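File shown: start.cif (mmCIF, N, CA and C atoms).
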data_start
loop_
_atom_site.group_PDB
_atom_site.id
_atom_site.type_symbol
_atom_site.label_atom_id
_atom_site.label_comp_id
_atom_site.auth_asym_id
_atom_site.auth_seq_id
_atom_site.Cartn_x
_atom_site.Cartn_y
_atom_site.Cartn_z
ATOM 1 N N MET A 1 0.839 -1.170 0.000
ATOM 2 C CA MET A 1 0.000 0.000 0.000
ATOM 3 C C MET A 1 0.892 1.244 0.000
ATOM 4 N N GLU A 2 0.658 2.128 -0.945
ATOM 5 C CA GLU A 2 1.418 3.378 -0.999
ATOM 6 C C GLU A 2 0.679 4.445 -0.209
ATOM 7 N N ILE A 3 1.401 5.068 0.716
ATOM 8 C CA ILE A 3 0.825 6.148 1.506
ATOM 9 C C ILE A 3 1.620 7.406 1.185
ATOM 10 N N LYS A 4 0.969 8.352 0.535
ATOM 11 C CA LYS A 4 1.665 9.565 0.115
ATOM 12 C C LYS A 4 0.753 10.771 0.273
ATOM 13 N N GLN A 5 1.254 11.781 0.942
ATOM 14 C CA GLN A 5 0.534 13.044 1.082
ATOM 15 C C GLN A 5 0.886 13.941 -0.102
ATOM 16 N N LEU A 6 -0.016 14.830 -0.456
ATOM 17 C CA LEU A 6 0.289 15.789 -1.519
ATOM 18 C C LEU A 6 1.527 16.595 -1.150
ATOM 19 N N GLU A 7 2.323 16.903 -2.150
ATOM 20 C CA GLU A 7 3.504 17.738 -1.933
ATOM 21 C C GLU A 7 3.050 19.168 -1.590
ATOM 22 N N PRO A 8 3.836 19.893 -0.781
ATOM 23 C CA PRO A 8 3.454 21.271 -0.462
ATOM 24 C C PRO A 8 3.188 22.132 -1.701
ATOM 25 N N LYS A 9 3.942 21.915 -2.781
ATOM 26 C CA LYS A 9 3.727 22.714 -3.990
ATOM 27 C C LYS A 9 2.383 22.412 -4.638
ATOM 28 N N GLU A 10 1.789 21.251 -4.298
ATOM 29 C CA GLU A 10 0.473 20.899 -4.814
ATOM 30 C C GLU A 10 -0.648 21.463 -3.943
ATOM 31 N N LYS A 11 -0.266 22.124 -2.866
ATOM 32 C CA LYS A 11 -1.241 22.697 -1.943
ATOM 33 C C LYS A 11 -1.161 24.223 -1.931
ATOM 34 N N ILE A 12 -0.885 24.804 -3.063
ATOM 35 C CA ILE A 12 -0.855 26.257 -3.197
ATOM 36 C C ILE A 12 -2.057 26.675 -4.033
ATOM 37 N N ILE A 13 -2.833 27.604 -3.505
ATOM 38 C CA ILE A 13 -3.990 28.146 -4.214
ATOM 39 C C ILE A 13 -3.800 29.650 -4.320
ATOM 40 N N THR A 14 -4.044 30.183 -5.498
ATOM 41 C CA THR A 14 -3.953 31.632 -5.687
ATOM 42 C C THR A 14 -5.305 32.166 -6.142
ATOM 43 N N PHE A 15 -5.612 33.353 -5.689
ATOM 44 C CA PHE A 15 -6.836 34.033 -6.110
ATOM 45 C C PHE A 15 -6.502 35.498 -6.313
ATOM 46 N N PHE A 16 -6.655 35.951 -7.535
ATOM 47 C CA PHE A 16 -6.413 37.354 -7.868
ATOM 48 C C PHE A 16 -7.606 37.855 -8.657
ATOM 49 N N GLY A 17 -8.245 38.883 -8.185
ATOM 50 C CA GLY A 17 -9.368 39.449 -8.924
ATOM 51 C C GLY A 17 -10.581 39.664 -8.051
ATOM 52 N N GLU A 18 -11.687 39.921 -8.718
ATOM 53 C CA GLU A 18 -12.944 40.219 -8.040
ATOM 54 C C GLU A 18 -13.579 38.943 -7.494
ATOM 55 N N ILE A 19 -14.116 39.039 -6.287
ATOM 56 C CA ILE A 19 -14.815 37.911 -5.681
ATOM 57 C C ILE A 19 -16.245 37.897 -6.201
ATOM 58 N N LYS A 20 -16.562 36.848 -6.936
ATOM 59 C CA LYS A 20 -17.926 36.620 -7.427
ATOM 60 C C LYS A 20 -18.100 35.120 -7.612
ATOM 61 N N ASN A 21 -19.344 34.697 -7.843
ATOM 62 C CA ASN A 21 -19.610 33.254 -7.857
ATOM 63 C C ASN A 21 -18.761 32.504 -8.876
ATOM 64 N N THR A 22 -18.515 33.085 -10.021
ATOM 65 C CA THR A 22 -17.750 32.377 -11.050
ATOM 66 C C THR A 22 -16.261 32.288 -10.716
ATOM 67 N N THR A 23 -15.764 33.199 -9.903
ATOM 68 C CA THR A 23 -14.333 33.170 -9.579
ATOM 69 C C THR A 23 -14.037 32.348 -8.332
ATOM 70 N N VAL A 24 -14.947 32.330 -7.358
ATOM 71 C CA VAL A 24 -14.681 31.552 -6.149
ATOM 72 C C VAL A 24 -14.962 30.065 -6.352
ATOM 73 N N GLU A 25 -15.722 29.720 -7.362
ATOM 74 C CA GLU A 25 -16.056 28.314 -7.599
ATOM 75 C C GLU A 25 -14.803 27.455 -7.780
ATOM 76 N N ALA A 26 -13.855 27.927 -8.560
ATOM 77 C CA ALA A 26 -12.628 27.154 -8.802
ATOM 78 C C ALA A 26 -11.826 26.977 -7.511
ATOM 79 N N VAL A 27 -11.772 28.017 -6.686
ATOM 80 C CA VAL A 27 -11.037 27.936 -5.420
ATOM 81 C C VAL A 27 -11.701 26.925 -4.491
ATOM 82 N N ILE A 28 -13.022 26.968 -4.426
ATOM 83 C CA ILE A 28 -13.750 26.031 -3.574
ATOM 84 C C ILE A 28 -13.518 24.593 -4.044
ATOM 85 N N LYS A 29 -13.501 24.375 -5.341
ATOM 86 C CA LYS A 29 -13.228 23.033 -5.876
ATOM 87 C C LYS A 29 -11.812 22.588 -5.526
ATOM 88 N N ASP A 30 -10.840 23.500 -5.605
ATOM 89 C CA ASP A 30 -9.461 23.156 -5.248
ATOM 90 C C ASP A 30 -9.355 22.764 -3.772
ATOM 91 N N ILE A 31 -10.006 23.531 -2.909
ATOM 92 C CA ILE A 31 -9.980 23.222 -1.475
ATOM 93 C C ILE A 31 -10.633 21.865 -1.220
ATOM 94 N N ALA A 32 -11.762 21.610 -1.871
ATOM 95 C CA ALA A 32 -12.454 20.333 -1.697
ATOM 96 C C ALA A 32 -11.593 19.164 -2.184
ATOM 97 N N LYS A 33 -10.909 19.341 -3.303
ATOM 98 C CA LYS A 33 -10.049 18.286 -3.847
ATOM 99 C C LYS A 33 -8.895 17.972 -2.890
ATOM 100 N N ILE A 34 -8.259 19.001 -2.364
ATOM 101 C CA ILE A 34 -7.153 18.790 -1.423
ATOM 102 C C ILE A 34 -7.665 18.112 -0.159
ATOM 103 N N ASN A 35 -8.820 18.536 0.340
ATOM 104 C CA ASN A 35 -9.397 17.903 1.528
ATOM 105 C C ASN A 35 -9.703 16.435 1.272
ATOM 106 N N ALA A 36 -10.225 16.105 0.105
ATOM 107 C CA ALA A 36 -10.521 14.710 -0.226
ATOM 108 C C ALA A 36 -9.240 13.881 -0.278
ATOM 109 N N ASN A 37 -8.193 14.425 -0.883
ATOM 110 C CA ASN A 37 -6.901 13.720 -0.930
ATOM 111 C C ASN A 37 -6.338 13.511 0.467
ATOM 112 N N ASP A 38 -6.439 14.536 1.310
ATOM 113 C CA ASP A 38 -5.914 14.417 2.666
ATOM 114 C C ASP A 38 -6.732 13.451 3.513
ATOM 115 N N LEU A 39 -8.033 13.395 3.289
ATOM 116 C CA LEU A 39 -8.870 12.433 4.005
ATOM 117 C C LEU A 39 -8.466 11.013 3.625
ATOM 118 N N ASP A 40 -8.230 10.787 2.339
ATOM 119 C CA ASP A 40 -7.773 9.483 1.865
ATOM 120 C C ASP A 40 -6.418 9.128 2.478
ATOM 121 N N TYR A 41 -5.507 10.099 2.506
ATOM 122 C CA TYR A 41 -4.182 9.896 3.106
ATOM 123 C C TYR A 41 -4.310 9.523 4.586
ATOM 124 N N SER A 42 -5.155 10.248 5.319
ATOM 125 C CA SER A 42 -5.339 9.977 6.746
ATOM 126 C C SER A 42 -5.906 8.586 6.966
ATOM 127 N N GLU A 43 -6.852 8.196 6.130
ATOM 128 C CA GLU A 43 -7.462 6.865 6.246
ATOM 129 C C GLU A 43 -6.430 5.769 5.953
ATOM 130 N N LYS A 44 -5.590 5.974 4.948
ATOM 131 C CA LYS A 44 -4.543 4.989 4.641
ATOM 132 C C LYS A 44 -3.555 4.867 5.795
ATOM 133 N N CYS A 45 -3.219 5.980 6.418
ATOM 134 C CA CYS A 45 -2.317 5.940 7.578
ATOM 135 C C CYS A 45 -2.960 5.170 8.727
ATOM 136 N N ARG A 46 -4.234 5.400 8.951
ATOM 137 C CA ARG A 46 -4.960 4.695 10.011
ATOM 138 C C ARG A 46 -5.000 3.196 9.723
ATOM 139 N N GLN A 47 -5.296 2.838 8.477
ATOM 140 C CA GLN A 47 -5.338 1.427 8.089
ATOM 141 C C GLN A 47 -3.978 0.769 8.260
ATOM 142 N N TRP A 48 -2.921 1.466 7.873
ATOM 143 C CA TRP A 48 -1.572 0.924 8.019
ATOM 144 C C TRP A 48 -1.278 0.637 9.488
ATOM 145 N N ALA A 49 -1.636 1.576 10.362
ATOM 146 C CA ALA A 49 -1.384 1.393 11.789
ATOM 147 C C ALA A 49 -2.131 0.169 12.317
ATOM 148 N N ILE A 50 -3.380 0.019 11.925
ATOM 149 C CA ILE A 50 -4.174 -1.133 12.381
ATOM 150 C C ILE A 50 -3.570 -2.436 11.870
ATOM 151 N N GLU A 51 -3.213 -2.471 10.586
ATOM 152 C CA GLU A 51 -2.632 -3.684 10.002
ATOM 153 C C GLU A 51 -1.304 -4.061 10.635
ATOM 154 N N ASN A 52 -0.602 -3.080 11.168
ATOM 155 C CA ASN A 52 0.696 -3.320 11.790
ATOM 156 C C ASN A 52 0.616 -3.308 13.318
ATOM 157 N N HIS A 53 -0.600 -3.484 13.833
ATOM 158 C CA HIS A 53 -0.850 -3.618 15.268
ATOM 159 C C HIS A 53 -0.302 -2.441 16.064
ATOM 160 N N GLN A 54 -0.525 -1.257 15.544
ATOM 161 C CA GLN A 54 -0.111 -0.044 16.236
ATOM 162 C C GLN A 54 -1.335 0.814 16.498
ATOM 163 N N GLU A 55 -1.218 1.653 17.479
ATOM 164 C CA GLU A 55 -2.302 2.580 17.795
ATOM 165 C C GLU A 55 -2.302 3.702 16.755
ATOM 166 N N PRO A 56 -3.437 3.898 16.051
ATOM 167 C CA PRO A 56 -3.494 5.001 15.078
ATOM 168 C C PRO A 56 -3.281 6.341 15.777
ATOM 169 N N ALA A 57 -2.450 7.167 15.194
ATOM 170 C CA ALA A 57 -2.148 8.488 15.756
ATOM 171 C C ALA A 57 -2.737 9.566 14.856
ATOM 172 N N ALA A 58 -2.828 10.754 15.391
ATOM 173 C CA ALA A 58 -3.299 11.879 14.593
ATOM 174 C C ALA A 58 -2.305 12.139 13.465
ATOM 175 N N VAL A 59 -2.823 12.446 12.308
ATOM 176 C CA VAL A 59 -1.989 12.706 11.140
ATOM 177 C C VAL A 59 -1.808 14.215 10.995
ATOM 178 N N LEU A 60 -0.564 14.637 10.890
ATOM 179 C CA LEU A 60 -0.282 16.047 10.659
ATOM 180 C C LEU A 60 -0.315 16.314 9.160
ATOM 181 N N LEU A 61 -1.188 17.205 8.748
ATOM 182 C CA LEU A 61 -1.350 17.510 7.331
ATOM 183 C C LEU A 61 -0.596 18.779 6.962
ATOM 184 N N THR A 62 0.038 18.745 5.807
ATOM 185 C CA THR A 62 0.678 19.945 5.279
ATOM 186 C C THR A 62 -0.412 20.953 4.955
ATOM 187 N N PRO A 63 -0.305 22.188 5.439
ATOM 188 C CA PRO A 63 -1.370 23.152 5.194
ATOM 189 C C PRO A 63 -1.432 23.625 3.743
ATOM 190 N N ILE A 64 -2.605 24.087 3.374
ATOM 191 C CA ILE A 64 -2.809 24.753 2.085
ATOM 192 C C ILE A 64 -2.312 26.184 2.250
ATOM 193 N N ARG A 65 -1.536 26.658 1.291
ATOM 194 C CA ARG A 65 -1.106 28.067 1.290
ATOM 195 C C ARG A 65 -1.978 28.790 0.274
ATOM 196 N N PHE A 66 -2.743 29.754 0.744
ATOM 197 C CA PHE A 66 -3.720 30.450 -0.068
ATOM 198 C C PHE A 66 -3.294 31.906 -0.208
ATOM 199 N N TYR A 67 -2.921 32.280 -1.435
ATOM 200 C CA TYR A 67 -2.527 33.654 -1.735
ATOM 201 C C TYR A 67 -3.734 34.393 -2.277
ATOM 202 N N LEU A 68 -4.122 35.466 -1.597
ATOM 203 C CA LEU A 68 -5.335 36.197 -1.929
ATOM 204 C C LEU A 68 -5.017 37.656 -2.213
ATOM 205 N N SER A 69 -5.503 38.130 -3.344
ATOM 206 C CA SER A 69 -5.383 39.548 -3.684
ATOM 207 C C SER A 69 -6.654 39.955 -4.420
ATOM 208 N N THR A 70 -7.459 40.758 -3.760
ATOM 209 C CA THR A 70 -8.722 41.175 -4.360
ATOM 210 C C THR A 70 -9.055 42.597 -3.932
ATOM 211 N N GLY A 71 -9.708 43.286 -4.821
ATOM 212 C CA GLY A 71 -10.183 44.630 -4.515
ATOM 213 C C GLY A 71 -11.601 44.614 -3.975
ATOM 214 N N GLY A 72 -12.198 43.436 -3.895
ATOM 215 C CA GLY A 72 -13.559 43.337 -3.381
ATOM 216 C C GLY A 72 -14.402 42.418 -4.233
ATOM 217 N N GLY A 73 -15.697 42.562 -4.088
ATOM 218 C CA GLY A 73 -16.636 41.728 -4.823
ATOM 219 C C GLY A 73 -17.930 41.605 -4.063
ATOM 220 N N THR A 74 -18.655 40.527 -4.329
ATOM 221 C CA THR A 74 -19.950 40.355 -3.675
ATOM 222 C C THR A 74 -19.778 39.747 -2.289
ATOM 223 N N CYS A 75 -20.558 40.240 -1.367
ATOM 224 C CA CYS A 75 -20.480 39.804 0.026
ATOM 225 C C CYS A 75 -20.839 38.325 0.166
ATOM 226 N N TYR A 76 -21.925 37.892 -0.467
ATOM 227 C CA TYR A 76 -22.361 36.503 -0.326
ATOM 228 C C TYR A 76 -21.304 35.520 -0.822
ATOM 229 N N ASP A 77 -20.683 35.832 -1.943
ATOM 230 C CA ASP A 77 -19.655 34.929 -2.472
ATOM 231 C C ASP A 77 -18.416 34.943 -1.593
ATOM 232 N N GLY A 78 -18.075 36.096 -1.046
ATOM 233 C CA GLY A 78 -16.954 36.185 -0.115
ATOM 234 C C GLY A 78 -17.211 35.394 1.159
ATOM 235 N N MET A 79 -18.444 35.460 1.657
ATOM 236 C CA MET A 79 -18.792 34.715 2.862
ATOM 237 C C MET A 79 -18.812 33.209 2.595
ATOM 238 N N THR A 80 -19.244 32.821 1.393
ATOM 239 C CA THR A 80 -19.210 31.408 1.029
ATOM 240 C C THR A 80 -17.781 30.892 1.046
ATOM 241 N N LEU A 81 -16.873 31.657 0.446
ATOM 242 C CA LEU A 81 -15.461 31.272 0.437
ATOM 243 C C LEU A 81 -14.920 31.212 1.862
ATOM 244 N N HIS A 82 -15.266 32.187 2.670
ATOM 245 C CA HIS A 82 -14.842 32.209 4.070
ATOM 246 C C HIS A 82 -15.315 30.952 4.798
ATOM 247 N N ASP A 83 -16.578 30.573 4.607
ATOM 248 C CA ASP A 83 -17.125 29.388 5.267
ATOM 249 C C ASP A 83 -16.406 28.114 4.833
ATOM 250 N N VAL A 84 -16.067 28.020 3.559
ATOM 251 C CA VAL A 84 -15.347 26.841 3.059
ATOM 252 C C VAL A 84 -13.946 26.783 3.684
ATOM 253 N N ILE A 85 -13.293 27.922 3.771
ATOM 254 C CA ILE A 85 -11.965 27.975 4.395
ATOM 255 C C ILE A 85 -12.050 27.550 5.860
ATOM 256 N N GLU A 86 -13.036 28.044 6.581
ATOM 257 C CA GLU A 86 -13.201 27.703 7.990
ATOM 258 C C GLU A 86 -13.524 26.220 8.184
ATOM 259 N N ALA A 87 -14.276 25.622 7.252
ATOM 260 C CA ALA A 87 -14.689 24.227 7.374
ATOM 261 C C ALA A 87 -13.629 23.238 6.897
ATOM 262 N N SER A 88 -12.588 23.717 6.248
ATOM 263 C CA SER A 88 -11.562 22.843 5.697
ATOM 264 C C SER A 88 -10.887 22.040 6.807
ATOM 265 N N ARG A 89 -10.810 20.715 6.616
ATOM 266 C CA ARG A 89 -10.104 19.872 7.580
ATOM 267 C C ARG A 89 -8.594 20.036 7.429
ATOM 268 N N THR A 90 -8.158 20.324 6.225
ATOM 269 C CA THR A 90 -6.757 20.638 6.001
ATOM 270 C C THR A 90 -6.544 22.097 6.389
ATOM 271 N N PRO A 91 -5.565 22.372 7.256
ATOM 272 C CA PRO A 91 -5.338 23.758 7.646
ATOM 273 C C PRO A 91 -5.035 24.642 6.423
ATOM 274 N N ILE A 92 -5.506 25.870 6.470
ATOM 275 C CA ILE A 92 -5.253 26.821 5.403
ATOM 276 C C ILE A 92 -4.535 28.031 5.974
ATOM 277 N N GLU A 93 -3.365 28.334 5.407
ATOM 278 C CA GLU A 93 -2.599 29.509 5.805
ATOM 279 C C GLU A 93 -2.846 30.590 4.763
ATOM 280 N N MET A 94 -3.409 31.688 5.184
ATOM 281 C CA MET A 94 -3.708 32.798 4.279
ATOM 282 C C MET A 94 -2.474 33.671 4.107
ATOM 283 N N GLU A 95 -2.173 33.982 2.868
ATOM 284 C CA GLU A 95 -1.069 34.861 2.532
ATOM 285 C C GLU A 95 -1.672 36.083 1.846
ATOM 286 N N ASP A 96 -1.778 37.178 2.562
ATOM 287 C CA ASP A 96 -2.384 38.387 2.022
ATOM 288 C C ASP A 96 -1.387 39.094 1.106
ATOM 289 N N THR A 97 -1.844 39.449 -0.065
ATOM 290 C CA THR A 97 -1.019 40.219 -0.989
ATOM 291 C C THR A 97 -1.721 41.531 -1.260
ATOM 292 N N VAL A 98 -0.967 42.532 -1.591
ATOM 293 C CA VAL A 98 -1.531 43.852 -1.840
ATOM 294 C C VAL A 98 -2.154 43.866 -3.229
ATOM 295 N N ALA A 99 -3.406 44.321 -3.299
ATOM 296 C CA ALA A 99 -4.115 44.385 -4.589
ATOM 297 C C ALA A 99 -3.606 45.554 -5.411
#
Have the structure of the file written as structure tokens, please.
Amino acid sequence: MEIKQLEPKEKIITFFGEIKNTTVEAVIKDIAKINANDLDYSEKCRQWAIENHQEPAAVLLTPIRFYLSTGGGTCYDGMTLHDVIEASRTPIEMEDTVA
């Protein structure tokens, strides 16, 4: 069984531009994809521990680095993105850039 976490370079998300439903959709999909990969990784680690008669331990996940630069946009779409970031099981480190 191969157990491999995504490389840190695969966990970089950038967002530049106006926040609106069509622009945040791609970011939300990226966050969901990384979370799904990390959930699979965590489950494989847990299975490995059980198969090797060890106590499963908490898995430390490499955080998502999110570079954000926006002049604004719609409030509802911004709040949706905020909620997705807050709900992410994979930690997200925000990197603010000047718009």
Distance in Å - atom CA of Ile92 of chain A versus atom CA of Gly17 of chain A: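 Going from atom CA of Ile92 of chain A over to atom CA of Gly17 of chain A, I get 19.5 Å.
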Using the chain letters and numbering of this document, enumerate as an mmCIF file with N, CA and C atoms, in the coordinates of the input the residues selected by the PyMOL selection byres ((chain A and resi 63) around 6.5).
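Everything below was put into selection.cif:
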data_model
loop_
_atom_site.group_PDB
_atom_site.id
_atom_site.type_symbol
_atom_site.label_atom_id
_atom_site.label_comp_id
_atom_site.auth_asym_id
_atom_site.auth_seq_id
_atom_site.Cartn_x
_atom_site.Cartn_y
_atom_site.Cartn_z
ATOM 1 N N LYS A 11 -0.266 22.124 -2.866
ATOM 2 C CA LYS A 11 -1.241 22.697 -1.943
ATOM 3 C C LYS A 11 -1.161 24.223 -1.931
ATOM 4 N N LEU A 61 -1.188 17.205 8.748
ATOM 5 C CA LEU A 61 -1.350 17.510 7.331
ATOM 6 C C LEU A 61 -0.596 18.779 6.962
ATOM 7 N N THR A 62 0.038 18.745 5.807
ATOM 8 C CA THR A 62 0.678 19.945 5.279
ATOM 9 C C THR A 62 -0.412 20.953 4.955
ATOM 10 N N ILE A 64 -2.605 24.087 3.374
ATOM 11 C CA ILE A 64 -2.809 24.753 2.085
ATOM 12 C C ILE A 64 -2.312 26.184 2.250
ATOM 13 N N ARG A 65 -1.536 26.658 1.291
ATOM 14 C CA ARG A 65 -1.106 28.067 1.290
ATOM 15 C C ARG A 65 -1.978 28.790 0.274
ATOM 16 N N THR A 90 -8.158 20.324 6.225
ATOM 17 C CA THR A 90 -6.757 20.638 6.001
ATOM 18 C C THR A 90 -6.544 22.097 6.389
ATOM 19 N N PRO A 91 -5.565 22.372 7.256
ATOM 20 C CA PRO A 91 -5.338 23.758 7.646
ATOM 21 C C PRO A 91 -5.035 24.642 6.423
ATOM 22 N N ILE A 92 -5.506 25.870 6.470
ATOM 23 C CA ILE A 92 -5.253 26.821 5.403
ATOM 24 C C ILE A 92 -4.535 28.031 5.974
ATOM 25 N N GLU A 93 -3.365 28.334 5.407
ATOM 26 C CA GLU A 93 -2.599 29.509 5.805
ATOM 27 C C GLU A 93 -2.846 30.590 4.763
#
Pairwise distance for atom CA of Ile19 of chain A and atom CA of Asn35 of chain A, rounded to one decimal in Å: 21.9 Å
Selection: 8 Å around Thr74 of chain A, only N, CA and C atoms, excl. self and same-chain fewer than 4 positions, as a list in words: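 Listed by chain and then number, they are Glu18, Ile19, Lys20, Asn21, Gly78, Met79 and Thr80 of chain A.
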Strand (DSSP E or B) positions in chain A, given as a list in words: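 Put together, the selection reads Ile12, Ile13, Thr14, Phe15, Phe16, Ile19, Ile64, Arg65, Phe66, Tyr67, Leu68, Ser69, Gly73, Ile92, Glu93, Met94, Glu95 and Asp96 of chain A.
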With N, CA and C atoms retained, write the just-selected residues as a compact mmCIF listing (two decimals), keeping the file's coordinate frame.
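Written output follows (selection.txt):
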# COMPACT_ATOMS: atom_id res chain seq x y z
N ILE A 12 -0.88 24.80 -3.06
CA ILE A 12 -0.86 26.26 -3.20
C ILE A 12 -2.06 26.68 -4.03
N ILE A 13 -2.83 27.60 -3.50
CA ILE A 13 -3.99 28.15 -4.21
C ILE A 13 -3.80 29.65 -4.32
N THR A 14 -4.04 30.18 -5.50
CA THR A 14 -3.95 31.63 -5.69
C THR A 14 -5.30 32.17 -6.14
N PHE A 15 -5.61 33.35 -5.69
CA PHE A 15 -6.84 34.03 -6.11
C PHE A 15 -6.50 35.50 -6.31
N PHE A 16 -6.66 35.95 -7.54
CA PHE A 16 -6.41 37.35 -7.87
C PHE A 16 -7.61 37.85 -8.66
N ILE A 19 -14.12 39.04 -6.29
CA ILE A 19 -14.82 37.91 -5.68
C ILE A 19 -16.24 37.90 -6.20
N ILE A 64 -2.60 24.09 3.37
CA ILE A 64 -2.81 24.75 2.08
C ILE A 64 -2.31 26.18 2.25
N ARG A 65 -1.54 26.66 1.29
CA ARG A 65 -1.11 28.07 1.29
C ARG A 65 -1.98 28.79 0.27
N PHE A 66 -2.74 29.75 0.74
CA PHE A 66 -3.72 30.45 -0.07
C PHE A 66 -3.29 31.91 -0.21
N TYR A 67 -2.92 32.28 -1.44
CA TYR A 67 -2.53 33.65 -1.74
C TYR A 67 -3.73 34.39 -2.28
N LEU A 68 -4.12 35.47 -1.60
CA LEU A 68 -5.34 36.20 -1.93
C LEU A 68 -5.02 37.66 -2.21
N SER A 69 -5.50 38.13 -3.34
CA SER A 69 -5.38 39.55 -3.68
C SER A 69 -6.65 39.96 -4.42
N GLY A 73 -15.70 42.56 -4.09
CA GLY A 73 -16.64 41.73 -4.82
C GLY A 73 -17.93 41.60 -4.06
N ILE A 92 -5.51 25.87 6.47
CA ILE A 92 -5.25 26.82 5.40
C ILE A 92 -4.54 28.03 5.97
N GLU A 93 -3.36 28.33 5.41
CA GLU A 93 -2.60 29.51 5.80
C GLU A 93 -2.85 30.59 4.76
N MET A 94 -3.41 31.69 5.18
CA MET A 94 -3.71 32.80 4.28
C MET A 94 -2.47 33.67 4.11
N GLU A 95 -2.17 33.98 2.87
CA GLU A 95 -1.07 34.86 2.53
C GLU A 95 -1.67 36.08 1.85
N ASP A 96 -1.78 37.18 2.56
CA ASP A 96 -2.38 38.39 2.02
C ASP A 96 -1.39 39.09 1.11
